[in-house]
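J.: Below is the structure I would like to discuss, written out as structure tokens.
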Amino acid sequence: MDYFLNDTQKELVQLARKIALERVKPRVAELDRNGEFPWDLVKVFADAGFYGLYIPEEYEGVGLGVFELALVTEELSRIDAGSALALAASALGTFPIILSGNEEQKKRYLPRLARGEILAAFGLTEPSAGSDAGSIKTTARKDGNRYILNGQKVFITNGGVAKVYVIIASTDPSKGSRGASAFIVEEGTPGFTYGKEEDKVGIRASATRQLHFDDCIVPEENRIGPEGAGFIVAMKTLDRSRPGVAAQALGIAQGALDLALEYARERIQFGTPIINFQAIQFMLADLGIKIEAARALLYQTARMVDAGIQDVAKESAMCKVFASDVAVQTAIDAVQIFGGYGYMRDYPIEKFMRDAKITQIYEGTNQILRGVIAKHMIKQAADAVKLLG
Ligand code: COS
């Protein structure tokens, strides 16, 4: 399908594809086996300018947008969703600074993030605040011109490898989500330590770690936006980053389909390649339809975000939900096409199944996001009724 990419976008896709095949592919199996963070690939992505894609030019970025980041993430994830996350998760940690940071914060952090010299991460989730993001327990107590943070964050992507963390903490626990505030916390800040490094089922090249704040002193100038705006900062950030999860999921789905197609053309049973069987063809066709639909929804959403449309919560949730469901189904069906070989770790396809699953869970479970979508639909329906008088 022609998505009318401009020349820059086409070149980016080609560059990401080349890097994925030449630099990422040879490393995939080892990174997955060892659960190793791919510092070498971070350098490759940085040299290609990928970390600066969505960062404005005045802060040494490339000045493109969420769409270009999605195109690159898709191509990288087609080969390895784990290492692609070293790029996408840094965007998640950088968006709050771009969206709500002040000039001083932007100048201080964005150029280094754009060059890929340092990585960012986003800390919202806690042991007892996952889907219920408004109930975070980490506190930030004001003390003169500084805040004292106490609490714990879990499942933080790029945890332990990022230098800059955007942390959502409560400055007024009595106000619930309206009492949350966002802070930039740098690695090495006294009272900020890393906890358990997670041993994950999939995306094993990605670093996932707990963060601990124990009387961690953060200067007031590191607060992003006003006190009490933290929940909105987080929600707006997620609206812009969920298309990135959709891109990752889409890449996983496309990568699994690529392998299934190749295998079905080579695997001989009953004297003919199994691709000649209608049962296989129908499976492939259904996956192809869903992948293309996921791509269309994602690209359009990303273009909406870049066009500056403010309320993209519904579309952003839709593309993430749809693409991640497609990724899981495609990966499972691709394993099915590989048959017994697909279930063996000697073949690369089982990894896609492991990698796909997380895309239905993180940055909002698909159940929570269906709730967000429905909430918007109900509101839009009510608004339409009002318009009709
Ligand atoms: N953009 C701007 N504002 C938003 C918003 C968005 N996308 N979503 C919610 N808000 C605002 C609401 O308008 C509301 O504002 P007021 O207090 O002024 O009315 C406020 O935020 C609270 O919203 P709501 O009442 O809908 O909050 P809930 O506590 O019911 O929770 C969900 C909302 C479930 C959507 C939220 O908690 C969520 O997204 N959870 C998933 C979190 C997640 O993705 N976790 C993954 C880890 S982060 S990597």
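Simple scheme: letters A, B, ... for chains in structure tokens order, numbers from 1 for residues in each chain, numbers from 1 for ligands in the order shown.
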Using only C-alpha atoms and all ligand atoms, find each residue with an atom at most 6 Å away from ligand 1 and format the answer as a ChimeraX atom specification.

T.: /A:124-125,130-134,178,232,235-236,239,313,362-364,368,372

J.: Output the selection as a short mmCIF file (atom, residue, chain, number, x, y, z; two decimals), in the first residue's frame - all heavy atoms for each residue.

T.:
```cif
data_model
loop_
_atom_site.label_atom_id
_atom_site.label_comp_id
_atom_site.auth_asym_id
_atom_site.auth_seq_id
_atom_site.Cartn_x
_atom_site.Cartn_y
_atom_site.Cartn_z
N LEU A 124 6.71 6.04 35.83
CA LEU A 124 5.35 6.26 36.33
C LEU A 124 4.90 5.06 37.18
O LEU A 124 4.46 5.21 38.32
CB LEU A 124 4.38 6.46 35.14
CG LEU A 124 2.88 6.51 35.43
CD1 LEU A 124 2.52 7.71 36.29
CD2 LEU A 124 2.07 6.57 34.12
N THR A 125 5.07 3.86 36.63
CA THR A 125 4.56 2.64 37.26
C THR A 125 5.20 2.33 38.61
O THR A 125 6.41 2.51 38.79
CB THR A 125 4.81 1.45 36.30
OG1 THR A 125 4.19 1.77 35.06
CG2 THR A 125 4.23 0.16 36.83
N GLY A 130 -0.21 0.44 38.57
CA GLY A 130 0.08 0.09 37.18
C GLY A 130 -0.96 0.75 36.29
O GLY A 130 -0.80 1.91 35.89
N SER A 131 -2.07 0.04 36.08
CA SER A 131 -3.17 0.63 35.30
C SER A 131 -3.74 1.84 36.02
O SER A 131 -4.12 2.83 35.40
CB SER A 131 -4.28 -0.42 35.11
OG SER A 131 -3.81 -1.46 34.28
N ASP A 132 -3.79 1.74 37.34
CA ASP A 132 -4.34 2.84 38.15
C ASP A 132 -3.23 3.86 38.42
O ASP A 132 -2.76 4.01 39.55
CB ASP A 132 -4.89 2.25 39.46
CG ASP A 132 -5.59 3.30 40.31
OD1 ASP A 132 -5.75 4.45 39.83
OD2 ASP A 132 -5.97 2.97 41.45
N ALA A 133 -2.85 4.55 37.35
CA ALA A 133 -1.68 5.44 37.43
C ALA A 133 -1.90 6.62 38.38
O ALA A 133 -0.93 7.23 38.82
CB ALA A 133 -1.33 5.93 36.03
N GLY A 134 -3.15 6.91 38.68
CA GLY A 134 -3.44 8.04 39.57
C GLY A 134 -3.16 7.74 41.03
O GLY A 134 -3.19 8.64 41.88
N ARG A 178 -4.57 14.68 40.69
CA ARG A 178 -4.34 16.14 40.57
C ARG A 178 -3.22 16.62 41.49
O ARG A 178 -2.86 17.80 41.45
CB ARG A 178 -5.62 16.90 40.91
CG ARG A 178 -6.65 16.81 39.79
CD ARG A 178 -7.86 17.59 40.13
NE ARG A 178 -8.88 17.42 39.11
CZ ARG A 178 -9.87 18.28 38.93
NH1 ARG A 178 -9.97 19.33 39.70
NH2 ARG A 178 -10.76 18.06 38.00
N ILE A 232 -1.21 14.91 34.07
CA ILE A 232 -1.51 15.35 32.70
C ILE A 232 -0.26 15.25 31.82
O ILE A 232 -0.33 14.81 30.67
CB ILE A 232 -2.07 16.81 32.68
CG1 ILE A 232 -3.27 16.95 33.62
CG2 ILE A 232 -2.40 17.28 31.28
CD1 ILE A 232 -4.52 16.24 33.19
N MET A 235 -0.04 11.65 30.93
CA MET A 235 -1.05 11.22 29.96
C MET A 235 -0.73 11.76 28.56
O MET A 235 -0.86 11.06 27.57
CB MET A 235 -2.46 11.70 30.38
CG MET A 235 -3.00 10.99 31.62
SD MET A 235 -3.16 9.20 31.41
CE MET A 235 -2.08 8.61 32.68
N LYS A 236 -0.31 13.02 28.51
CA LYS A 236 0.03 13.61 27.19
C LYS A 236 1.25 12.91 26.60
O LYS A 236 1.36 12.74 25.39
CB LYS A 236 0.32 15.11 27.34
CG LYS A 236 -0.97 15.93 27.48
CD LYS A 236 -0.62 17.39 27.65
CE LYS A 236 -1.86 18.23 27.80
NZ LYS A 236 -2.17 19.09 26.72
N ASP A 239 0.09 9.64 25.22
CA ASP A 239 -0.63 9.83 23.95
C ASP A 239 0.33 9.88 22.77
O ASP A 239 0.00 9.46 21.66
CB ASP A 239 -1.43 11.15 23.97
CG ASP A 239 -2.65 11.07 24.88
OD1 ASP A 239 -3.02 9.95 25.28
OD2 ASP A 239 -3.22 12.14 25.18
N ALA A 313 -5.81 11.07 22.27
CA ALA A 313 -5.81 9.94 23.21
C ALA A 313 -6.52 8.72 22.62
O ALA A 313 -6.04 7.60 22.74
CB ALA A 313 -6.47 10.37 24.52
N TYR A 362 2.41 -3.16 28.08
CA TYR A 362 2.98 -1.90 28.58
C TYR A 362 2.42 -0.65 27.88
O TYR A 362 1.75 -0.74 26.87
CB TYR A 362 4.50 -1.90 28.67
CG TYR A 362 5.37 -2.09 27.46
CD1 TYR A 362 4.92 -1.96 26.17
CD2 TYR A 362 6.72 -2.39 27.65
CE1 TYR A 362 5.79 -2.12 25.10
CE2 TYR A 362 7.59 -2.56 26.59
CZ TYR A 362 7.11 -2.42 25.32
OH TYR A 362 7.96 -2.57 24.28
N GLU A 363 2.71 0.47 28.54
CA GLU A 363 2.15 1.79 28.14
C GLU A 363 0.62 1.75 28.08
O GLU A 363 0.00 2.36 27.21
CB GLU A 363 2.77 2.28 26.83
CG GLU A 363 4.26 2.60 27.04
CD GLU A 363 4.86 3.48 26.00
OE1 GLU A 363 4.14 4.34 25.47
OE2 GLU A 363 6.07 3.33 25.75
N GLY A 364 0.05 1.03 29.04
CA GLY A 364 -1.40 0.91 29.13
C GLY A 364 -1.82 -0.45 28.60
O GLY A 364 -1.62 -0.73 27.42
N ILE A 368 -7.26 -1.48 29.63
CA ILE A 368 -7.37 -0.08 30.07
C ILE A 368 -7.57 0.84 28.87
O ILE A 368 -8.38 1.77 28.89
CB ILE A 368 -6.10 0.32 30.88
CG1 ILE A 368 -6.17 -0.20 32.30
CG2 ILE A 368 -5.88 1.84 30.88
CD1 ILE A 368 -7.24 0.42 33.19
N VAL A 372 -10.30 3.68 27.66
CA VAL A 372 -10.02 5.06 27.22
C VAL A 372 -10.76 5.33 25.90
O VAL A 372 -11.40 6.38 25.72
CB VAL A 372 -8.49 5.28 27.04
CG1 VAL A 372 -8.21 6.61 26.34
CG2 VAL A 372 -7.78 5.22 28.38
#
```

J.: Could you tell me, as a ChimeraX atom specification, which residues of segment 9-167 of chain A DSSP assigns to helix (DSSP H, G or I) when given the backbone?

T.: /A:9-34,39-47,50-52,57-59,66-79,81-100,103-114,133-135

J.: Write down as a list in words the residues of segment 241-348 of chain A whose backbone DSSP state falls under strand (DSSP E).

T.: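 Result set for segment 241-348 of chain A (strand (DSSP E)): Ile268, Gln269, Thr272 and Pro273 of chain A.
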
J.: Hey, can you spit out that residue selection with all heavy atoms as a PDB file, in the first residue's frame?

T.:
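As a result, result.pdb now contains:
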```
ATOM      1  N   ILE A 268       8.596 -28.350   2.360  1.00  0.00           N
ATOM      2  CA  ILE A 268       7.890 -29.285   1.480  1.00  0.00           C
ATOM      3  C   ILE A 268       7.162 -30.332   2.324  1.00  0.00           C
ATOM      4  O   ILE A 268       7.758 -30.951   3.195  1.00  0.00           O
ATOM      5  CB  ILE A 268       8.889 -30.028   0.551  1.00  0.00           C
ATOM      6  CG1 ILE A 268       9.849 -29.051  -0.148  1.00  0.00           C
ATOM      7  CG2 ILE A 268       8.150 -30.947  -0.437  1.00  0.00           C
ATOM      8  CD1 ILE A 268       9.340 -28.373  -1.363  1.00  0.00           C
ATOM      9  N   GLN A 269       5.890 -30.492   2.068  1.00  0.00           N
ATOM     10  CA  GLN A 269       5.109 -31.592   2.645  1.00  0.00           C
ATOM     11  C   GLN A 269       4.158 -32.080   1.562  1.00  0.00           C
ATOM     12  O   GLN A 269       3.664 -31.274   0.765  1.00  0.00           O
ATOM     13  CB  GLN A 269       4.315 -31.116   3.868  1.00  0.00           C
ATOM     14  CG  GLN A 269       5.176 -30.842   5.096  1.00  0.00           C
ATOM     15  CD  GLN A 269       5.802 -32.083   5.683  1.00  0.00           C
ATOM     16  OE1 GLN A 269       5.211 -32.800   6.477  1.00  0.00           O
ATOM     17  NE2 GLN A 269       7.033 -32.375   5.282  1.00  0.00           N
ATOM     18  N   THR A 272       4.994 -30.855  -2.002  1.00  0.00           N
ATOM     19  CA  THR A 272       4.866 -29.479  -2.504  1.00  0.00           C
ATOM     20  C   THR A 272       5.134 -28.484  -1.380  1.00  0.00           C
ATOM     21  O   THR A 272       4.897 -28.806  -0.201  1.00  0.00           O
ATOM     22  CB  THR A 272       3.442 -29.265  -3.104  1.00  0.00           C
ATOM     23  OG1 THR A 272       3.385 -27.948  -3.667  1.00  0.00           O
ATOM     24  CG2 THR A 272       2.348 -29.407  -2.087  1.00  0.00           C
ATOM     25  N   PRO A 273       5.628 -27.266  -1.700  1.00  0.00           N
ATOM     26  CA  PRO A 273       5.797 -26.274  -0.623  1.00  0.00           C
ATOM     27  C   PRO A 273       4.451 -26.013   0.062  1.00  0.00           C
ATOM     28  O   PRO A 273       3.415 -25.932  -0.628  1.00  0.00           O
ATOM     29  CB  PRO A 273       6.285 -25.028  -1.367  1.00  0.00           C
ATOM     30  CG  PRO A 273       6.893 -25.531  -2.632  1.00  0.00           C
ATOM     31  CD  PRO A 273       6.095 -26.747  -3.013  1.00  0.00           C
TER      32      PRO A 273
END
```

J.: If you count only C-alpha atoms, which residues fall within 9 Å of Val335 of chain A, apart from same-chain ones fewer than 2 positions away, as a list in words?

T.: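 In the requested format, the answer is Ala256, Ala260, Thr330, Ala331, Ile332, Asp333, Ile337, Phe338, Gly339, Gly340, Tyr341, Gly342, Tyr343, Ile349, Glu350, Phe352 and Met353 of chain A.
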
J.: For the residues in that selection, give me N, CA and C atoms as a PDB file, in the first residue's frame.

T.:
```pdb
ATOM      1  N   ALA A 256       7.516 -11.315  11.763  1.00  0.00           N
ATOM      2  CA  ALA A 256       7.037 -12.704  11.900  1.00  0.00           C
ATOM      3  C   ALA A 256       6.419 -13.175  10.584  1.00  0.00           C
ATOM      4  N   ALA A 260       7.458 -16.315   8.204  1.00  0.00           N
ATOM      5  CA  ALA A 260       6.461 -17.359   7.917  1.00  0.00           C
ATOM      6  C   ALA A 260       6.310 -17.548   6.401  1.00  0.00           C
ATOM      7  N   THR A 330      -0.223 -12.595  14.920  1.00  0.00           N
ATOM      8  CA  THR A 330       0.686 -12.923  13.807  1.00  0.00           C
ATOM      9  C   THR A 330       1.822 -13.812  14.284  1.00  0.00           C
ATOM     10  N   ALA A 331       2.396 -13.468  15.428  1.00  0.00           N
ATOM     11  CA  ALA A 331       3.528 -14.258  15.923  1.00  0.00           C
ATOM     12  C   ALA A 331       3.089 -15.688  16.248  1.00  0.00           C
ATOM     13  N   ILE A 332       1.908 -15.831  16.857  1.00  0.00           N
ATOM     14  CA  ILE A 332       1.414 -17.181  17.193  1.00  0.00           C
ATOM     15  C   ILE A 332       1.136 -17.973  15.906  1.00  0.00           C
ATOM     16  N   ASP A 333       0.498 -17.330  14.945  1.00  0.00           N
ATOM     17  CA  ASP A 333       0.186 -18.032  13.689  1.00  0.00           C
ATOM     18  C   ASP A 333       1.454 -18.355  12.900  1.00  0.00           C
ATOM     19  N   ILE A 337       2.713 -21.961  11.505  1.00  0.00           N
ATOM     20  CA  ILE A 337       3.134 -22.280  10.133  1.00  0.00           C
ATOM     21  C   ILE A 337       4.484 -23.009  10.147  1.00  0.00           C
ATOM     22  N   PHE A 338       5.330 -22.651  11.091  1.00  0.00           N
ATOM     23  CA  PHE A 338       6.618 -23.345  11.233  1.00  0.00           C
ATOM     24  C   PHE A 338       6.439 -24.747  11.828  1.00  0.00           C
ATOM     25  N   GLY A 339       5.259 -25.022  12.386  1.00  0.00           N
ATOM     26  CA  GLY A 339       5.002 -26.334  12.981  1.00  0.00           C
ATOM     27  C   GLY A 339       5.951 -26.613  14.136  1.00  0.00           C
ATOM     28  N   GLY A 340       6.378 -27.874  14.268  1.00  0.00           N
ATOM     29  CA  GLY A 340       7.242 -28.274  15.380  1.00  0.00           C
ATOM     30  C   GLY A 340       8.523 -27.460  15.431  1.00  0.00           C
ATOM     31  N   TYR A 341       9.058 -27.134  14.258  1.00  0.00           N
ATOM     32  CA  TYR A 341      10.308 -26.355  14.228  1.00  0.00           C
ATOM     33  C   TYR A 341      10.103 -24.977  14.866  1.00  0.00           C
ATOM     34  N   GLY A 342       8.904 -24.449  14.693  1.00  0.00           N
ATOM     35  CA  GLY A 342       8.611 -23.119  15.239  1.00  0.00           C
ATOM     36  C   GLY A 342       8.671 -23.074  16.747  1.00  0.00           C
ATOM     37  N   TYR A 343       8.456 -24.231  17.363  1.00  0.00           N
ATOM     38  CA  TYR A 343       8.435 -24.276  18.837  1.00  0.00           C
ATOM     39  C   TYR A 343       9.835 -24.465  19.411  1.00  0.00           C
ATOM     40  N   ILE A 349      11.683 -17.776  15.069  1.00  0.00           N
ATOM     41  CA  ILE A 349      10.295 -17.315  15.102  1.00  0.00           C
ATOM     42  C   ILE A 349       9.692 -17.264  16.517  1.00  0.00           C
ATOM     43  N   GLU A 350      10.104 -18.174  17.392  1.00  0.00           N
ATOM     44  CA  GLU A 350       9.495 -18.188  18.743  1.00  0.00           C
ATOM     45  C   GLU A 350       9.771 -16.882  19.498  1.00  0.00           C
ATOM     46  N   PHE A 352       9.628 -13.938  18.329  1.00  0.00           N
ATOM     47  CA  PHE A 352       8.616 -12.934  17.973  1.00  0.00           C
ATOM     48  C   PHE A 352       7.384 -13.087  18.866  1.00  0.00           C
ATOM     49  N   MET A 353       7.059 -14.338  19.204  1.00  0.00           N
ATOM     50  CA  MET A 353       5.912 -14.606  20.070  1.00  0.00           C
ATOM     51  C   MET A 353       6.188 -14.032  21.472  1.00  0.00           C
TER      52      MET A 353
END
```

J.: How close does segment 131-160 of chain A get to segment 181-189 of chain A? List, as JSON lines, each residue of segment 131-160 of chain A within 10 Å, its nearest atom pair and the distance in Å to one decimal, counting only C-alpha atoms.

T.:
```
{"residue": "A:Thr139", "atom": "CA", "partner": "A:Ser181", "partner_atom": "CA", "distance": 9.3}
{"residue": "A:Ala140", "atom": "CA", "partner": "A:Ser181", "partner_atom": "CA", "distance": 8.1}
{"residue": "A:Tyr147", "atom": "CA", "partner": "A:Phe183", "partner_atom": "CA", "distance": 9.3}
{"residue": "A:Leu149", "atom": "CA", "partner": "A:Phe183", "partner_atom": "CA", "distance": 9.6}
{"residue": "A:Gly159", "atom": "CA", "partner": "A:Glu187", "partner_atom": "CA", "distance": 10.0}
{"residue": "A:Gly160", "atom": "CA", "partner": "A:Glu187", "partner_atom": "CA", "distance": 8.4}
```

J.: Which is closest to Arg108 of chain A among A:Phe277, A:Phe231, A:Tyr3, A:Tyr59, if we use only C-alpha atoms?

T.: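 Once distances to Arg108 of chain A are computed over only C-alpha atoms, the minimum belongs to A:Tyr59.
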
J.: I want to know what sits within 9 Å of Leu85 of chain A, based on only C-alpha atoms, with residues of the same chain fewer than 6 positions away left out; could you give that as a PyMOL selection string?

T.: chain A and resi 73+77+157-158+203+205-207+248

J.: In terms of the shortest atom-to-atom distance over only C-alpha atoms, which of A:Ala169, A:Leu15, A:Leu69, A:Val161 is closest to Ala302 of chain A?

T.: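 Looking only at the distances to Ala302 of chain A, the closest residue turns out to be A:Leu69.
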
J.: Extract, using only C-alpha atoms, all DNA, RNA and protein residues at most 12 Å from Phe4 of chain A, discarding same-chain residues fewer than 3 positions from it, and format them as JSON, numbers by chain.

T.: {"A": [1, 7, 8, 9, 10, 296, 299, 300, 303]}

J.: Take the residues from that selection and write them out as a PDB file, in the first residue's frame, keeping all heavy atoms.

T.:
```
ATOM      1  N   MET A   1       0.849  -1.192   0.000  1.00  0.00           N
ATOM      2  CA  MET A   1       0.000   0.000   0.000  1.00  0.00           C
ATOM      3  C   MET A   1       0.890   1.250   0.000  1.00  0.00           C
ATOM      4  O   MET A   1       1.915   1.274   0.682  1.00  0.00           O
ATOM      5  CB  MET A   1      -0.888  -0.009   1.250  1.00  0.00           C
ATOM      6  CG  MET A   1      -2.067   0.910   1.144  1.00  0.00           C
ATOM      7  SD  MET A   1      -3.242   0.634   2.481  1.00  0.00           S
ATOM      8  CE  MET A   1      -4.077  -0.833   1.916  1.00  0.00           C
ATOM      9  N   ASP A   7      10.433  11.959   0.348  1.00  0.00           N
ATOM     10  CA  ASP A   7      11.759  11.392   0.075  1.00  0.00           C
ATOM     11  C   ASP A   7      12.538  11.151   1.367  1.00  0.00           C
ATOM     12  O   ASP A   7      13.210  10.131   1.519  1.00  0.00           O
ATOM     13  CB  ASP A   7      12.554  12.330  -0.845  1.00  0.00           C
ATOM     14  CG  ASP A   7      11.992  12.277  -2.267  1.00  0.00           C
ATOM     15  OD1 ASP A   7      11.193  11.361  -2.559  1.00  0.00           O
ATOM     16  OD2 ASP A   7      12.335  13.166  -3.070  1.00  0.00           O
ATOM     17  N   THR A   8      12.438  12.094   2.307  1.00  0.00           N
ATOM     18  CA  THR A   8      13.163  11.942   3.581  1.00  0.00           C
ATOM     19  C   THR A   8      12.668  10.696   4.304  1.00  0.00           C
ATOM     20  O   THR A   8      13.463   9.902   4.838  1.00  0.00           O
ATOM     21  CB  THR A   8      12.910  13.176   4.484  1.00  0.00           C
ATOM     22  OG1 THR A   8      13.202  14.335   3.731  1.00  0.00           O
ATOM     23  CG2 THR A   8      13.718  13.143   5.745  1.00  0.00           C
ATOM     24  N   GLN A   9      11.360  10.515   4.337  1.00  0.00           N
ATOM     25  CA  GLN A   9      10.796   9.360   5.038  1.00  0.00           C
ATOM     26  C   GLN A   9      11.210   8.054   4.356  1.00  0.00           C
ATOM     27  O   GLN A   9      11.574   7.083   5.031  1.00  0.00           O
ATOM     28  CB  GLN A   9       9.269   9.500   5.101  1.00  0.00           C
ATOM     29  CG  GLN A   9       8.828  10.632   6.023  1.00  0.00           C
ATOM     30  CD  GLN A   9       7.422  11.114   5.784  1.00  0.00           C
ATOM     31  OE1 GLN A   9       6.807  10.811   4.750  1.00  0.00           O
ATOM     32  NE2 GLN A   9       6.895  11.892   6.711  1.00  0.00           N
ATOM     33  N   LYS A  10      11.187   8.060   3.033  1.00  0.00           N
ATOM     34  CA  LYS A  10      11.612   6.843   2.307  1.00  0.00           C
ATOM     35  C   LYS A  10      13.079   6.525   2.604  1.00  0.00           C
ATOM     36  O   LYS A  10      13.441   5.373   2.819  1.00  0.00           O
ATOM     37  CB  LYS A  10      11.442   7.052   0.799  1.00  0.00           C
ATOM     38  CG  LYS A  10      10.001   6.918   0.333  1.00  0.00           C
ATOM     39  CD  LYS A  10       9.935   7.088  -1.170  1.00  0.00           C
ATOM     40  CE  LYS A  10       8.501   7.268  -1.628  1.00  0.00           C
ATOM     41  NZ  LYS A  10       8.382   7.958  -2.908  1.00  0.00           N
ATOM     42  N   ALA A 296      -1.973   1.307   8.545  1.00  0.00           N
ATOM     43  CA  ALA A 296      -2.753   2.483   8.121  1.00  0.00           C
ATOM     44  C   ALA A 296      -3.214   3.288   9.346  1.00  0.00           C
ATOM     45  O   ALA A 296      -3.129   4.513   9.369  1.00  0.00           O
ATOM     46  CB  ALA A 296      -3.954   2.044   7.286  1.00  0.00           C
ATOM     47  N   TYR A 299      -0.031   4.993  10.969  1.00  0.00           N
ATOM     48  CA  TYR A 299       0.537   6.108  10.200  1.00  0.00           C
ATOM     49  C   TYR A 299      -0.378   7.327  10.277  1.00  0.00           C
ATOM     50  O   TYR A 299       0.084   8.459  10.418  1.00  0.00           O
ATOM     51  CB  TYR A 299       0.755   5.707   8.731  1.00  0.00           C
ATOM     52  CG  TYR A 299       1.924   4.758   8.496  1.00  0.00           C
ATOM     53  CD1 TYR A 299       2.619   4.167   9.548  1.00  0.00           C
ATOM     54  CD2 TYR A 299       2.341   4.458   7.203  1.00  0.00           C
ATOM     55  CE1 TYR A 299       3.676   3.298   9.329  1.00  0.00           C
ATOM     56  CE2 TYR A 299       3.411   3.589   6.965  1.00  0.00           C
ATOM     57  CZ  TYR A 299       4.060   3.011   8.035  1.00  0.00           C
ATOM     58  OH  TYR A 299       5.121   2.151   7.801  1.00  0.00           O
ATOM     59  N   GLN A 300      -1.672   7.077  10.191  1.00  0.00           N
ATOM     60  CA  GLN A 300      -2.600   8.208  10.241  1.00  0.00           C
ATOM     61  C   GLN A 300      -2.574   8.874  11.623  1.00  0.00           C
ATOM     62  O   GLN A 300      -2.591  10.091  11.741  1.00  0.00           O
ATOM     63  CB  GLN A 300      -4.026   7.743   9.872  1.00  0.00           C
ATOM     64  CG  GLN A 300      -5.034   8.856   9.772  1.00  0.00           C
ATOM     65  CD  GLN A 300      -4.664   9.930   8.732  1.00  0.00           C
ATOM     66  OE1 GLN A 300      -3.806   9.733   7.880  1.00  0.00           O
ATOM     67  NE2 GLN A 300      -5.303  11.080   8.838  1.00  0.00           N
ATOM     68  N   ARG A 303       0.569  10.880  12.018  1.00  0.00           N
ATOM     69  CA  ARG A 303       0.463  12.130  11.245  1.00  0.00           C
ATOM     70  C   ARG A 303      -0.424  13.141  11.981  1.00  0.00           C
ATOM     71  O   ARG A 303      -0.167  14.342  11.954  1.00  0.00           O
ATOM     72  CB  ARG A 303      -0.082  11.842   9.845  1.00  0.00           C
ATOM     73  CG  ARG A 303       0.993  11.264   8.927  1.00  0.00           C
ATOM     74  CD  ARG A 303       0.453  10.841   7.580  1.00  0.00           C
ATOM     75  NE  ARG A 303       1.512  10.759   6.582  1.00  0.00           N
ATOM     76  CZ  ARG A 303       1.536   9.900   5.582  1.00  0.00           C
ATOM     77  NH1 ARG A 303       0.550   9.020   5.426  1.00  0.00           N
ATOM     78  NH2 ARG A 303       2.527   9.897   4.707  1.00  0.00           N
TER      79      ARG A 303
END
```

J.: Measure the distance from atom CA of Thr193 of chain A to atom CA of Lys153 of chain A in Å and round it to one decimal.

T.: 10.8 Å

J.: Do you have the atom CA of Asp311 of chain A-atom CA of Ala253 of chain A distance handy?

T.: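 Pair atom CA of Asp311 of chain A / atom CA of Ala253 of chain A returns 27.6 Å.
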
J.: Which residues come within 12 Å of Thr208 of chain A, counting only C-alpha atoms, excluding same-chain residues fewer than 4 positions away, as an MDAnalysis selection string?

T.: chainID A and resid 35:37 82 85:86 89 121:123 153:162 194:204 362

J.: Could you please determine the separation between atom CA of Val24 of chain A and atom CA of Lys43 of chain A in Å, to one decimal place?

T.: 11.7 Å
